[in-house]
Structure formats: C-alpha cells, structure tokens
>>> print(open('target-v1.cif').read())   # mmCIF, C-alpha atoms
data_my_file
#
loop_
_atom_site.group_PDB
_atom_site.id
_atom_site.type_symbol
_atom_site.label_atom_id
_atom_site.label_comp_id
_atom_site.auth_asym_id
_atom_site.auth_seq_id
_atom_site.Cartn_x
_atom_site.Cartn_y
_atom_site.Cartn_z
ATOM 1 C CA MET A 1 21.968 4.367 -4.571
ATOM 2 C CA GLY A 2 24.145 6.391 -2.258
ATOM 3 C CA PHE A 3 23.011 9.415 -0.310
ATOM 4 C CA TRP A 4 24.798 11.664 2.093
ATOM 5 C CA SER A 5 23.435 14.657 3.915
ATOM 6 C CA TRP A 6 24.079 17.278 6.473
ATOM 7 C CA GLY A 7 20.600 16.839 7.920
ATOM 8 C CA VAL A 8 18.967 13.985 9.802
ATOM 9 C CA VAL A 9 18.865 11.427 7.009
ATOM 10 C CA THR A 10 18.523 7.665 7.051
ATOM 11 C CA LEU A 11 21.227 6.622 4.612
ATOM 12 C CA GLN A 12 20.747 4.205 1.761
ATOM 13 C CA ASN A 13 24.307 3.438 0.734
ATOM 14 C CA GLU A 14 24.086 0.545 -1.676
ATOM 15 C CA CYS A 15 22.283 -0.296 -4.869
ATOM 16 C CA PRO A 16 19.823 -3.174 -4.368
ATOM 17 C CA GLY A 17 21.281 -5.375 -7.111
ATOM 18 C CA ASN A 18 23.145 -7.576 -4.653
ATOM 19 C CA THR A 19 20.281 -7.656 -2.185
ATOM 20 C CA LEU A 20 18.051 -9.236 -4.817
ATOM 21 C CA ALA A 21 20.493 -12.063 -5.389
ATOM 22 C CA TYR A 22 18.945 -14.175 -2.666
ATOM 23 C CA SER A 23 15.810 -14.588 -4.748
ATOM 24 C CA SER A 24 15.511 -17.507 -7.122
ATOM 25 C CA ILE A 25 13.918 -15.198 -9.678
ATOM 26 C CA SER A 26 16.401 -12.352 -9.340
ATOM 27 C CA PHE A 27 17.797 -12.976 -12.825
ATOM 28 C CA PHE A 28 14.619 -11.435 -14.271
ATOM 29 C CA TYR A 29 15.629 -8.004 -12.976
ATOM 30 C CA SER A 30 19.121 -6.689 -12.445
ATOM 31 C CA PRO A 31 19.001 -3.087 -11.167
ATOM 32 C CA THR A 32 21.573 -0.562 -12.298
ATOM 33 C CA VAL A 33 22.614 2.575 -10.475
ATOM 34 C CA ASN A 34 19.836 4.533 -12.186
ATOM 35 C CA ASP A 35 17.270 2.075 -10.844
ATOM 36 C CA CYS A 36 18.347 2.511 -7.253
ATOM 37 C CA PRO A 37 15.985 5.379 -6.302
ATOM 38 C CA PHE A 38 13.045 3.035 -5.814
ATOM 39 C CA PHE A 39 14.855 2.242 -2.574
ATOM 40 C CA PRO A 40 13.532 5.201 -0.600
ATOM 41 C CA LEU A 41 15.347 8.176 0.849
ATOM 42 C CA GLN A 42 14.176 8.698 4.428
ATOM 43 C CA ILE A 43 14.593 11.864 6.451
ATOM 44 C CA ASP A 44 13.804 11.582 10.147
ATOM 45 C CA TYR A 45 12.644 14.936 11.474
ATOM 46 C CA THR A 46 11.341 13.882 14.896
ATOM 47 C CA GLY A 47 13.864 16.159 16.565
ATOM 48 C CA THR A 48 14.879 13.996 19.528
ATOM 49 C CA GLU A 49 18.568 14.620 18.831
ATOM 50 C CA PRO A 50 19.801 17.920 20.343
ATOM 51 C CA SER A 51 21.607 18.730 17.083
ATOM 52 C CA SER A 52 18.482 18.317 14.974
ATOM 53 C CA PRO A 53 16.997 21.509 13.474
ATOM 54 C CA CYS A 54 13.585 20.251 14.640
ATOM 55 C CA ASN A 55 14.608 19.736 18.266
ATOM 56 C CA LYS A 56 13.030 23.071 19.167
ATOM 57 C CA CYS A 57 9.663 21.667 18.021
ATOM 58 C CA LEU A 58 9.862 18.393 19.935
ATOM 59 C CA ASN A 59 7.299 19.295 22.601
ATOM 60 C CA VAL A 60 4.829 20.959 20.258
ATOM 61 C CA SER A 61 1.128 20.636 21.116
ATOM 62 C CA TRP A 62 -1.897 20.192 18.874
ATOM 63 C CA ASP A 63 -3.025 23.793 19.286
ATOM 64 C CA SER A 64 0.371 25.520 18.939
ATOM 65 C CA SER A 65 -0.074 28.856 17.217
ATOM 66 C CA PRO A 66 1.827 29.854 15.186
ATOM 67 C CA PRO A 67 3.153 26.405 14.264
ATOM 68 C CA CYS A 68 6.772 25.564 14.959
ATOM 69 C CA THR A 69 8.832 25.429 11.760
ATOM 70 C CA CYS A 70 12.186 23.855 10.962
ATOM 71 C CA THR A 71 14.308 23.135 7.881
ATOM 72 C CA ILE A 72 16.448 20.101 7.112
ATOM 73 C CA ASN A 73 18.990 20.198 4.286
ATOM 74 C CA PHE A 74 20.096 17.100 2.424
ATOM 75 C CA THR A 75 21.913 16.088 -0.732
ATOM 76 C CA LEU A 76 20.679 13.785 -3.469
ATOM 77 C CA GLU A 77 23.709 12.227 -5.147
ATOM 78 C CA HIS A 78 21.798 10.487 -7.947
ATOM 79 C CA SER A 79 18.739 11.677 -9.831
ATOM 80 C CA PHE A 80 15.233 10.294 -9.502
ATOM 81 C CA GLU A 81 14.329 9.585 -13.112
ATOM 82 C CA SER A 82 10.624 8.687 -12.937
ATOM 83 C CA ASN A 83 7.675 10.024 -10.961
ATOM 84 C CA VAL A 84 8.485 10.488 -7.274
ATOM 85 C CA PHE A 85 6.177 9.670 -4.387
ATOM 86 C CA MET A 86 6.497 11.648 -1.161
ATOM 87 C CA TYR A 87 5.310 9.846 1.968
ATOM 88 C CA TYR A 88 5.139 10.694 5.635
ATOM 89 C CA GLY A 89 6.039 7.886 8.002
ATOM 90 C CA LEU A 90 5.182 7.292 11.645
ATOM 91 C CA SER A 91 6.649 4.803 14.103
ATOM 92 C CA ASN A 92 5.224 3.393 17.334
ATOM 93 C CA PHE A 93 1.746 4.548 16.317
ATOM 94 C CA TYR A 94 -0.763 1.714 16.731
ATOM 95 C CA GLN A 95 -3.511 2.400 14.231
ATOM 96 C CA ASN A 96 -4.405 -1.285 14.469
ATOM 97 C CA HIS A 97 -5.737 -1.059 18.039
ATOM 98 C CA ARG A 98 -9.255 -2.554 18.100
ATOM 99 C CA ARG A 99 -11.001 0.397 19.725
ATOM 100 C CA TYR A 100 -9.127 2.860 17.544
ATOM 101 C CA VAL A 101 -10.082 1.049 14.324
ATOM 102 C CA LYS A 102 -13.770 0.983 15.319
ATOM 103 C CA SER A 103 -13.818 4.642 16.336
ATOM 104 C CA ARG A 104 -15.458 6.042 13.191
ATOM 105 C CA ASP A 105 -18.864 6.399 11.567
ATOM 106 C CA ASP A 106 -18.811 5.194 7.965
ATOM 107 C CA SER A 107 -22.358 6.408 7.367
ATOM 108 C CA GLN A 108 -21.351 9.913 8.395
ATOM 109 C CA LEU A 109 -18.264 9.760 6.166
ATOM 110 C CA ASN A 110 -20.471 8.612 3.281
ATOM 111 C CA GLY A 111 -22.484 11.845 3.506
ATOM 112 C CA ASP A 112 -25.547 10.597 5.366
ATOM 113 C CA ASN A 113 -27.247 13.695 6.731
ATOM 114 C CA ALA A 114 -28.833 11.866 9.678
ATOM 115 C CA SER A 115 -25.485 10.444 10.813
ATOM 116 C CA LEU A 116 -23.882 13.851 10.406
ATOM 117 C CA LEU A 117 -25.939 15.243 13.281
ATOM 118 C CA ASN A 118 -26.243 11.961 15.210
ATOM 119 C CA PRO A 119 -22.921 10.111 14.941
ATOM 120 C CA SER A 120 -22.459 6.483 15.920
ATOM 121 C CA LYS A 121 -21.730 5.673 19.552
ATOM 122 C CA GLU A 122 -18.596 3.885 18.333
ATOM 123 C CA CYS A 123 -17.048 7.357 18.075
ATOM 124 C CA GLU A 124 -17.036 7.928 21.834
ATOM 125 C CA PRO A 125 -15.356 9.828 23.448
ATOM 126 C CA TYR A 126 -14.961 11.845 20.235
ATOM 127 C CA ARG A 127 -18.642 11.800 19.300
ATOM 128 C CA THR A 128 -19.697 15.209 20.592
ATOM 129 C CA ASN A 129 -18.014 18.312 21.957
ATOM 130 C CA GLU A 130 -19.815 21.140 23.750
ATOM 131 C CA ASP A 131 -23.159 19.445 22.978
ATOM 132 C CA LYS A 132 -22.482 19.498 19.227
ATOM 133 C CA PRO A 133 -21.821 16.458 17.044
ATOM 134 C CA ILE A 134 -18.244 16.174 15.825
ATOM 135 C CA ALA A 135 -17.721 15.914 12.078
ATOM 136 C CA PRO A 136 -15.850 13.755 11.361
ATOM 137 C CA CYS A 137 -16.237 11.861 14.620
ATOM 138 C CA GLY A 138 -13.991 9.235 16.162
ATOM 139 C CA ALA A 139 -10.412 8.734 17.313
ATOM 140 C CA ILE A 140 -9.021 8.084 13.824
ATOM 141 C CA ALA A 141 -10.172 11.427 12.465
ATOM 142 C CA ASN A 142 -9.239 13.229 15.683
ATOM 143 C CA SER A 143 -5.599 12.084 15.357
ATOM 144 C CA MET A 144 -5.184 13.043 11.686
ATOM 145 C CA PHE A 145 -1.620 13.820 10.631
ATOM 146 C CA ASN A 146 -1.295 17.563 10.051
ATOM 147 C CA ASP A 147 2.376 18.412 9.473
ATOM 148 C CA THR A 148 3.024 20.473 6.348
ATOM 149 C CA LEU A 149 6.014 19.462 4.205
ATOM 150 C CA GLU A 150 7.555 21.578 1.436
ATOM 151 C CA LEU A 151 10.498 20.594 -0.741
ATOM 152 C CA TYR A 152 13.011 23.001 -2.326
ATOM 153 C CA ARG A 153 15.950 22.551 -4.658
ATOM 154 C CA ILE A 154 19.000 24.644 -3.745
ATOM 155 C CA ASP A 155 21.061 25.936 -6.663
ATOM 156 C CA ASN A 156 23.676 28.639 -6.059
ATOM 157 C CA ASP A 157 22.019 29.524 -2.750
ATOM 158 C CA THR A 158 18.699 30.030 -4.543
ATOM 159 C CA ARG A 159 15.759 27.958 -3.329
ATOM 160 C CA THR A 160 13.373 26.752 -6.027
ATOM 161 C CA PRO A 161 10.146 25.115 -4.819
ATOM 162 C CA ILE A 162 9.356 21.615 -6.067
ATOM 163 C CA THR A 163 5.762 21.262 -7.248
ATOM 164 C CA LEU A 164 3.948 18.830 -4.963
ATOM 165 C CA ILE A 165 0.649 17.454 -6.269
ATOM 166 C CA LYS A 166 -1.969 16.867 -3.571
ATOM 167 C CA LYS A 167 -4.611 15.162 -5.719
ATOM 168 C CA GLY A 168 -4.530 11.569 -6.862
ATOM 169 C CA ILE A 169 -3.047 10.231 -3.617
ATOM 170 C CA ALA A 170 -6.205 8.426 -2.424
ATOM 171 C CA TRP A 171 -7.747 5.233 -3.742
ATOM 172 C CA TRP A 172 -10.411 5.893 -6.399
ATOM 173 C CA THR A 173 -13.022 3.851 -4.539
ATOM 174 C CA ASP A 174 -12.392 5.793 -1.339
ATOM 175 C CA LYS A 175 -12.582 9.162 -3.083
ATOM 176 C CA ASN A 176 -15.669 8.425 -5.174
ATOM 177 C CA VAL A 177 -17.605 5.810 -3.218
ATOM 178 C CA LYS A 178 -16.776 5.521 0.489
ATOM 179 C CA PHE A 179 -16.287 9.217 1.278
ATOM 180 C CA ARG A 180 -18.908 11.749 0.250
ATOM 181 C CA ASN A 181 -19.922 15.168 1.531
ATOM 182 C CA PRO A 182 -23.420 15.787 2.904
ATOM 183 C CA THR A 183 -26.027 16.653 0.306
ATOM 184 C CA GLY A 184 -28.272 19.674 0.235
ATOM 185 C CA ASP A 185 -28.458 23.299 -0.807
ATOM 186 C CA GLY A 186 -25.675 25.754 -0.076
ATOM 187 C CA ASN A 187 -21.926 25.514 0.321
ATOM 188 C CA LEU A 188 -20.026 23.185 2.629
ATOM 189 C CA THR A 189 -20.144 25.676 5.486
ATOM 190 C CA ALA A 190 -23.933 25.544 5.404
ATOM 191 C CA LEU A 191 -24.034 21.759 4.973
ATOM 192 C CA PHE A 192 -21.901 21.228 8.083
ATOM 193 C CA GLN A 193 -23.857 23.756 10.135
ATOM 194 C CA GLY A 194 -24.685 22.416 13.579
ATOM 195 C CA THR A 195 -21.499 20.357 13.848
ATOM 196 C CA THR A 196 -18.133 21.093 15.383
ATOM 197 C CA LYS A 197 -14.561 20.193 14.474
ATOM 198 C CA PRO A 198 -12.606 17.307 16.062
ATOM 199 C CA VAL A 199 -10.974 18.272 19.344
ATOM 200 C CA ASN A 200 -7.384 18.222 18.032
ATOM 201 C CA TRP A 201 -8.078 19.916 14.720
ATOM 202 C CA PRO A 202 -7.160 23.584 14.265
ATOM 203 C CA LYS A 203 -10.006 24.148 11.776
ATOM 204 C CA PRO A 204 -13.265 22.455 10.743
ATOM 205 C CA VAL A 205 -13.499 19.830 8.018
ATOM 206 C CA TYR A 206 -15.055 22.234 5.495
ATOM 207 C CA MET A 207 -11.871 24.356 5.614
ATOM 208 C CA LEU A 208 -9.344 21.614 4.813
ATOM 209 C CA ASP A 209 -8.802 22.928 1.281
ATOM 210 C CA SER A 210 -9.771 25.885 -0.868
ATOM 211 C CA GLU A 211 -10.687 23.644 -3.813
ATOM 212 C CA PRO A 212 -14.281 22.304 -3.636
ATOM 213 C CA ASP A 213 -13.388 18.895 -5.083
ATOM 214 C CA ASN A 214 -10.783 18.357 -2.346
ATOM 215 C CA ASN A 215 -12.616 19.732 0.671
ATOM 216 C CA GLY A 216 -14.704 18.264 3.449
ATOM 217 C CA PHE A 217 -14.965 14.501 3.717
ATOM 218 C CA ILE A 218 -13.488 14.078 0.215
ATOM 219 C CA ASN A 219 -10.208 15.761 1.126
ATOM 220 C CA GLU A 220 -7.553 13.302 -0.018
ATOM 221 C CA ASP A 221 -5.166 13.875 2.892
ATOM 222 C CA PHE A 222 -8.051 13.015 5.201
ATOM 223 C CA ILE A 223 -9.059 9.958 3.154
ATOM 224 C CA VAL A 224 -5.497 8.612 3.148
ATOM 225 C CA TRP A 225 -5.262 8.985 6.920
ATOM 226 C CA MET A 226 -8.589 7.214 7.489
ATOM 227 C CA ARG A 227 -7.299 4.032 5.817
ATOM 228 C CA THR A 228 -5.681 2.586 8.948
ATOM 229 C CA ALA A 229 -2.316 0.817 8.882
ATOM 230 C CA ALA A 230 -1.818 -2.779 9.996
ATOM 231 C CA LEU A 231 1.559 -2.263 11.684
ATOM 232 C CA PRO A 232 2.835 0.334 14.201
ATOM 233 C CA THR A 233 5.502 1.538 11.758
ATOM 234 C CA PHE A 234 3.925 2.712 8.534
ATOM 235 C CA ARG A 235 3.997 5.309 5.806
ATOM 236 C CA LYS A 236 1.198 7.049 3.956
ATOM 237 C CA LEU A 237 1.269 8.830 0.624
ATOM 238 C CA TYR A 238 1.522 12.595 1.082
ATOM 239 C CA ARG A 239 2.282 14.142 -2.315
ATOM 240 C CA LEU A 240 3.213 13.290 -5.899
ATOM 241 C CA ILE A 241 6.083 14.787 -7.901
ATOM 242 C CA GLU A 242 5.454 14.227 -11.597
ATOM 243 C CA ARG A 243 8.110 14.105 -14.267
ATOM 244 C CA LYS A 244 7.694 17.121 -16.544
ATOM 245 C CA ASN A 245 9.472 15.744 -19.614
ATOM 246 C CA ASN A 246 11.647 12.867 -20.778
ATOM 247 C CA LEU A 247 14.731 15.027 -21.168
ATOM 248 C CA GLN A 248 15.247 15.785 -17.486
ATOM 249 C CA PRO A 249 14.869 13.667 -14.349
ATOM 250 C CA THR A 250 12.074 14.366 -11.910
ATOM 251 C CA LEU A 251 14.529 15.273 -9.139
ATOM 252 C CA GLN A 252 18.025 16.118 -10.271
ATOM 253 C CA ALA A 253 21.021 15.232 -8.176
ATOM 254 C CA GLY A 254 22.006 18.110 -5.931
ATOM 255 C CA LYS A 255 21.151 19.948 -2.755
ATOM 256 C CA TYR A 256 17.627 20.142 -1.359
ATOM 257 C CA SER A 257 15.888 21.431 1.721
ATOM 258 C CA LEU A 258 12.765 20.223 3.486
ATOM 259 C CA ASP A 259 10.643 22.862 5.209
ATOM 260 C CA ILE A 260 8.427 21.455 7.952
ATOM 261 C CA ALA A 261 5.498 23.035 9.756
ATOM 262 C CA TYR A 262 5.786 20.839 12.845
ATOM 263 C CA ASN A 263 2.220 20.398 14.138
ATOM 264 C CA TYR A 264 1.955 16.703 14.945
ATOM 265 C CA PRO A 265 3.210 15.688 18.415
ATOM 266 C CA VAL A 266 4.800 12.234 18.721
ATOM 267 C CA HIS A 267 7.270 12.635 21.589
ATOM 268 C CA SER A 268 4.662 11.794 24.241
ATOM 269 C CA PHE A 269 4.348 8.196 22.995
ATOM 270 C CA ASP A 270 7.995 7.785 21.881
ATOM 271 C CA GLY A 271 7.004 7.961 18.244
ATOM 272 C CA ARG A 272 9.088 9.097 15.295
ATOM 273 C CA LYS A 273 8.294 11.004 12.119
ATOM 274 C CA ARG A 274 9.985 10.876 8.748
ATOM 275 C CA MET A 275 9.626 12.083 5.193
ATOM 276 C CA ILE A 276 10.209 9.510 2.466
ATOM 277 C CA LEU A 277 10.973 9.982 -1.220
ATOM 278 C CA SER A 278 10.573 6.945 -3.411
ATOM 279 C CA THR A 279 9.862 5.844 -6.958
ATOM 280 C CA ILE A 280 8.451 2.609 -8.303
ATOM 281 C CA SER A 281 9.573 0.250 -11.031
ATOM 282 C CA TRP A 282 7.460 -2.014 -13.236
ATOM 283 C CA MET A 283 7.605 -4.464 -10.334
ATOM 284 C CA GLY A 284 6.040 -1.910 -7.976
ATOM 285 C CA GLY A 285 7.534 -0.157 -4.989
ATOM 286 C CA LYS A 286 10.018 -1.428 -2.445
ATOM 287 C CA ASN A 287 8.252 -3.758 -0.030
ATOM 288 C CA PRO A 288 10.448 -6.590 1.301
ATOM 289 C CA PHE A 289 7.665 -8.246 3.313
ATOM 290 C CA LEU A 290 6.299 -10.481 0.558
ATOM 291 C CA GLY A 291 9.782 -11.462 -0.604
ATOM 292 C CA ILE A 292 10.826 -12.404 2.927
ATOM 293 C CA ALA A 293 7.557 -14.277 3.486
ATOM 294 C CA TYR A 294 7.868 -16.248 0.233
ATOM 295 C CA ILE A 295 11.492 -17.153 0.907
ATOM 296 C CA THR A 296 10.705 -18.219 4.493
ATOM 297 C CA VAL A 297 7.743 -20.382 3.495
ATOM 298 C CA GLY A 298 9.682 -21.792 0.536
ATOM 299 C CA SER A 299 12.637 -22.678 2.762
ATOM 300 C CA ILE A 300 10.373 -24.442 5.260
ATOM 301 C CA CYS A 301 8.672 -26.395 2.475
ATOM 302 C CA PHE A 302 12.057 -27.367 1.017
ATOM 303 C CA PHE A 303 13.315 -28.517 4.418
ATOM 304 C CA LEU A 304 10.170 -30.580 5.069
ATOM 305 C CA GLY A 305 10.433 -32.053 1.582
ATOM 306 C CA VAL A 306 14.001 -33.201 2.238
ATOM 307 C CA VAL A 307 12.992 -34.681 5.605
ATOM 308 C CA LEU A 308 10.053 -36.585 4.075
ATOM 309 C CA LEU A 309 12.269 -37.798 1.214
ATOM 310 C CA ILE A 310 14.789 -39.190 3.694
ATOM 311 C CA ILE A 311 12.016 -40.869 5.695
ATOM 312 C CA HIS A 312 10.521 -42.346 2.540
ATOM 313 C CA HIS A 313 13.905 -43.575 1.310
ATOM 314 C CA LYS A 314 14.768 -45.120 4.672
ATOM 315 C CA TYR A 315 11.446 -46.736 5.548
ATOM 316 C CA GLY A 316 9.481 -46.835 2.289
ATOM 317 C CA ASN A 317 10.859 -50.185 1.050
ATOM 318 C CA ARG A 318 9.925 -52.158 4.133
ATOM 319 C CA ASN A 319 7.327 -54.884 3.796
ATOM 320 C CA THR A 320 4.100 -53.397 5.103
ATOM 321 C CA SER A 321 1.976 -56.492 4.393
ATOM 322 C CA ALA A 322 -0.338 -57.419 7.213
ATOM 323 C CA ASP A 323 -0.669 -61.072 6.083
ATOM 324 C CA ILE A 324 0.038 -63.591 8.836
ATOM 325 C CA PRO A 325 2.564 -66.206 7.693
ATOM 326 C CA ASN A 326 1.516 -69.871 7.783
#
>>> encode(input="target-v1.cif", output="structure tokens")
Amino acid sequence: MGFWSWGVVTLQNECPGNTLAYSSISFFYSPTVNDCPFFPLQIDYTGTEPSSPCNKCLNVSWDSSPPCTCTINFTLEHSFESNVFMYYGLSNFYQNHRRYVKSRDDSQLNGDNASLLNPSKECEPYRTNEDKPIAPCGAIANSMFNDTLELYRIDNDTRTPITLIKKGIAWWTDKNVKFRNPTGDGNLTALFQGTTKPVNWPKPVYMLDSEPDNNGFINEDFIVWMRTAALPTFRKLYRLIERKNNLQPTLQAGKYSLDIAYNYPVHSFDGRKRMILSTISWMGGKNPFLGIAYITVGSICFFLGVVLLIIHHKYGNRNTSADIPN
C-alpha cells in the first residue's frame, strides 16, 4: 500500500505481494491492494528534525506542566478495511536489561496488601520515596510510557475525532489474574493510603483512569507497559479502532492529523518514538522475524543436505570391510 504525507511519516510504498514471493508457501496467500494495510503505517514524532512539528518538545522533562503538544498531519491513500490497531513504538530502549526486568514486585501488583506497604528489595532504588512505599514500585513502572495520542480525520478543514478504544488491549490473563488491586473496604484512594506515586509519574496509580474497572493496578495501559519487550526496538498496543459496519472501512482514505501530548522524554538516550497503525489478516499481523528465521534455518539445512549427499555419493560406495585379506 502506498502512503504519502506532509508530516514525519515512514513510508510504505509497495504492496507486500512481491515480498512474499520468497516463501515456498506464498501461493497460499496472494495479497491485493486492499490487503496491504496490514503492513503498518508508521509516524515518527520524536522531533529530532528541525522541521518536525514536535521539535519544540524534544527536550521535554517528566514533570513538564502543562505538557508540550504538537500535531502531525498525514494522508492515507488507501482505506483500512478491518479493525485497526494503534501502537506506540520505542527505539533504543532496553527493556530487556537484567536489572530492569527484575525491578518489580509481582506480589504487590497482584494486590497483596502486605507487599503494598513493604515492597520487594528488587525494586530499589524505586522502592520508597520520602519514607513511603512506592506503588507500583520498580524501574519498569517508574518509566511507564505516558504520551497521549489522539487521531482526527480532516474533511473540508473540519476535524472529526476517531474513536479510540482503551479497553481490551491487555492480555486476559494479565488483566484478570496477574494484576489485581488491593482488597479491603473503601475506594482505591483509601486502599492505596500510605503509599506514594512513582518518582516520574505525574499522578498516583489510583488516578490513572476515571473508570473503576480500568484504574489502579488493573489499568490496561499500565499492564501493557509492564510486559517487557525482548528487543530494544519494540511496539506496544495503545488503542483499538473498531469497524462500525460492513458498508464503510474503518479508516477511509484521506487526510488525518495526529495530536500528541508529548510527555515521554527519549532524546537523552538517543531514542525514537513513533505511532503505528496496522491491521491483521487471518494469518496474523506483520512480523517478518519468524519468516526470516524459518527461511534461514531451511536454507542451512538444504545446504548441509546437499553437502552430505555429495559426500555420500563420492565416498559411500567404497569398500569399508575391515577383513584382512589372506
């Protein structure tokens, strides 16, 4: 699928039909132009380029108030027909560092009241602040992504907001098993009494959302962030855009704008931020890793097979008898 923009957009110029030709099973699926949107549209809004609308926000800090805002306009040349997944992506962010991965208290996140007030020592140096236990503790929670992204369709200079669904983005087991709020009488404010917010957070955990089933430790944005990535360049699900009916595409071709509340600093570690729009097919989403891995391993096995066949053909007919002639 082709995209062009007048914002900071990573272009996807070709339909993936030809790129699938390298696979020995590519004849099972031959994408058409309408299938192309599962190759994602990526908008880099880091702001390192002087011409970027977000350049003014490049040196933002965690506690900037009010937050720096910027808008990036882009054009979608072809419609997204099925449900659309909005991700945020980070680069050069090592969530797989050993000390970072261990810096959490799963008992506290599971709603254990004792761990709430006495977090694990693994959370150091984000275990306590001003002699109060931090909830949630640890480096992972402290570095939670907190940019706000809003999407608008532009039609005749009129901006129409796109409905972004914030629930259903976390794994069911995480939402209903691994992450639970503390138990007891009273509201969340009372249940978290005696704790303090993470150092880099602008507000405590019991104020993450106005809806009770998406607040506290069971906030889905928080749960998604706490599932650490294996590689330094990754993306995490941010919002869902559901198709309203079968007569119209989820996102029609046309002009759009992305409004960003730029809160998350990445310039200090040479990181980059991006917003990603993608759909999935019956085969799942775009992830070339497994395909590349299978083709690489298959090619090695084929090469070794040819080598062993040649060796067998050349030396296999020789007399290997160990009998000593008379």
>>> axis_aligned_box(input="target-v1.cif", around="stretch 248-256 of chain A", padding_each_side="8 Å", output="JSON")
{"center_x": 17.0, "center_y": 16.9, "center_z": -9.4, "size_x": 25.9, "size_y": 22.5, "size_z": 32.1}
>>> residues_around(input="target-v1.cif", residues="stretch 132-143 of chain A", least_positions_apart="6", cutoff="9 Å", atoms="all atoms listed in the file", output="MDAnalysis selection string")
chainID A and resid 95 99:105 108:109 116:120 122:126 192 194:201 204:205 217 222 225:226 228 264
>>> resolve_selection(input="target-v1.cif", expression="the PyMOL selection byres ((chain A and resi 253) around 9)", output="list of chain:residue names")
A:Thr75, A:Leu76, A:Glu77, A:His78, A:Ser79, A:Phe80, A:Pro249, A:Leu251, A:Gln252, A:Gly254, A:Lys255
>>> resolve_selection(input="target-v1.cif", expression="the PyMOL selection byres ((chain A and resi 88) around 8)", output="PyMOL selection string")
chain A and resi 86-87+89-90+235-238+273-276
>>> residues_around(input="target-v1.cif", residues="stretch 44-57 of chain A", least_positions_apart="3", cutoff="10 Å", atoms="only C-alpha atoms", output="MDAnalysis selection string")
chainID A and resid 7:10 60:61 67:73 88:90 258 260:267 270:276
>>> residues_around(input="target-v1.cif", residues="stretch 159-165 of chain A", least_positions_apart="6", cutoff="8 Å", atoms="only C-alpha atoms", output="JSON, numbers by chain")
{"A": [150, 151, 152, 153, 239, 240, 241, 242]}
>>> residues_near_point(input="target-v1.cif", point="(-10.5, 18.2, -0.9)", cutoff="12 Å", atoms="only C-alpha atoms", output="MDAnalysis selection string")
chainID A and resid 166:170 175:176 179:181 188 205:224
>>> atom_distance(input="target-v1.cif", atom1="atom CA of A:Phe74", atom2="atom CA of A:Asp155")
12.7 Å
>>> atom_distance(input="target-v1.cif", atom1="atom CA of A:Ile292", atom2="atom CA of A:Gln42")
21.4 Å
>>> atom_distance(input="target-v1.cif", atom1="atom CA of A:Thr250", atom2="atom CA of A:Val84")
7.0 Å
>>> residues_near_point(input="target-v1.cif", point="(-0.3, -1.4, 10.3)", cutoff="10 Å", atoms="only C-alpha atoms", output="PyMOL selection string")
chain A and resi 93-97+227-235
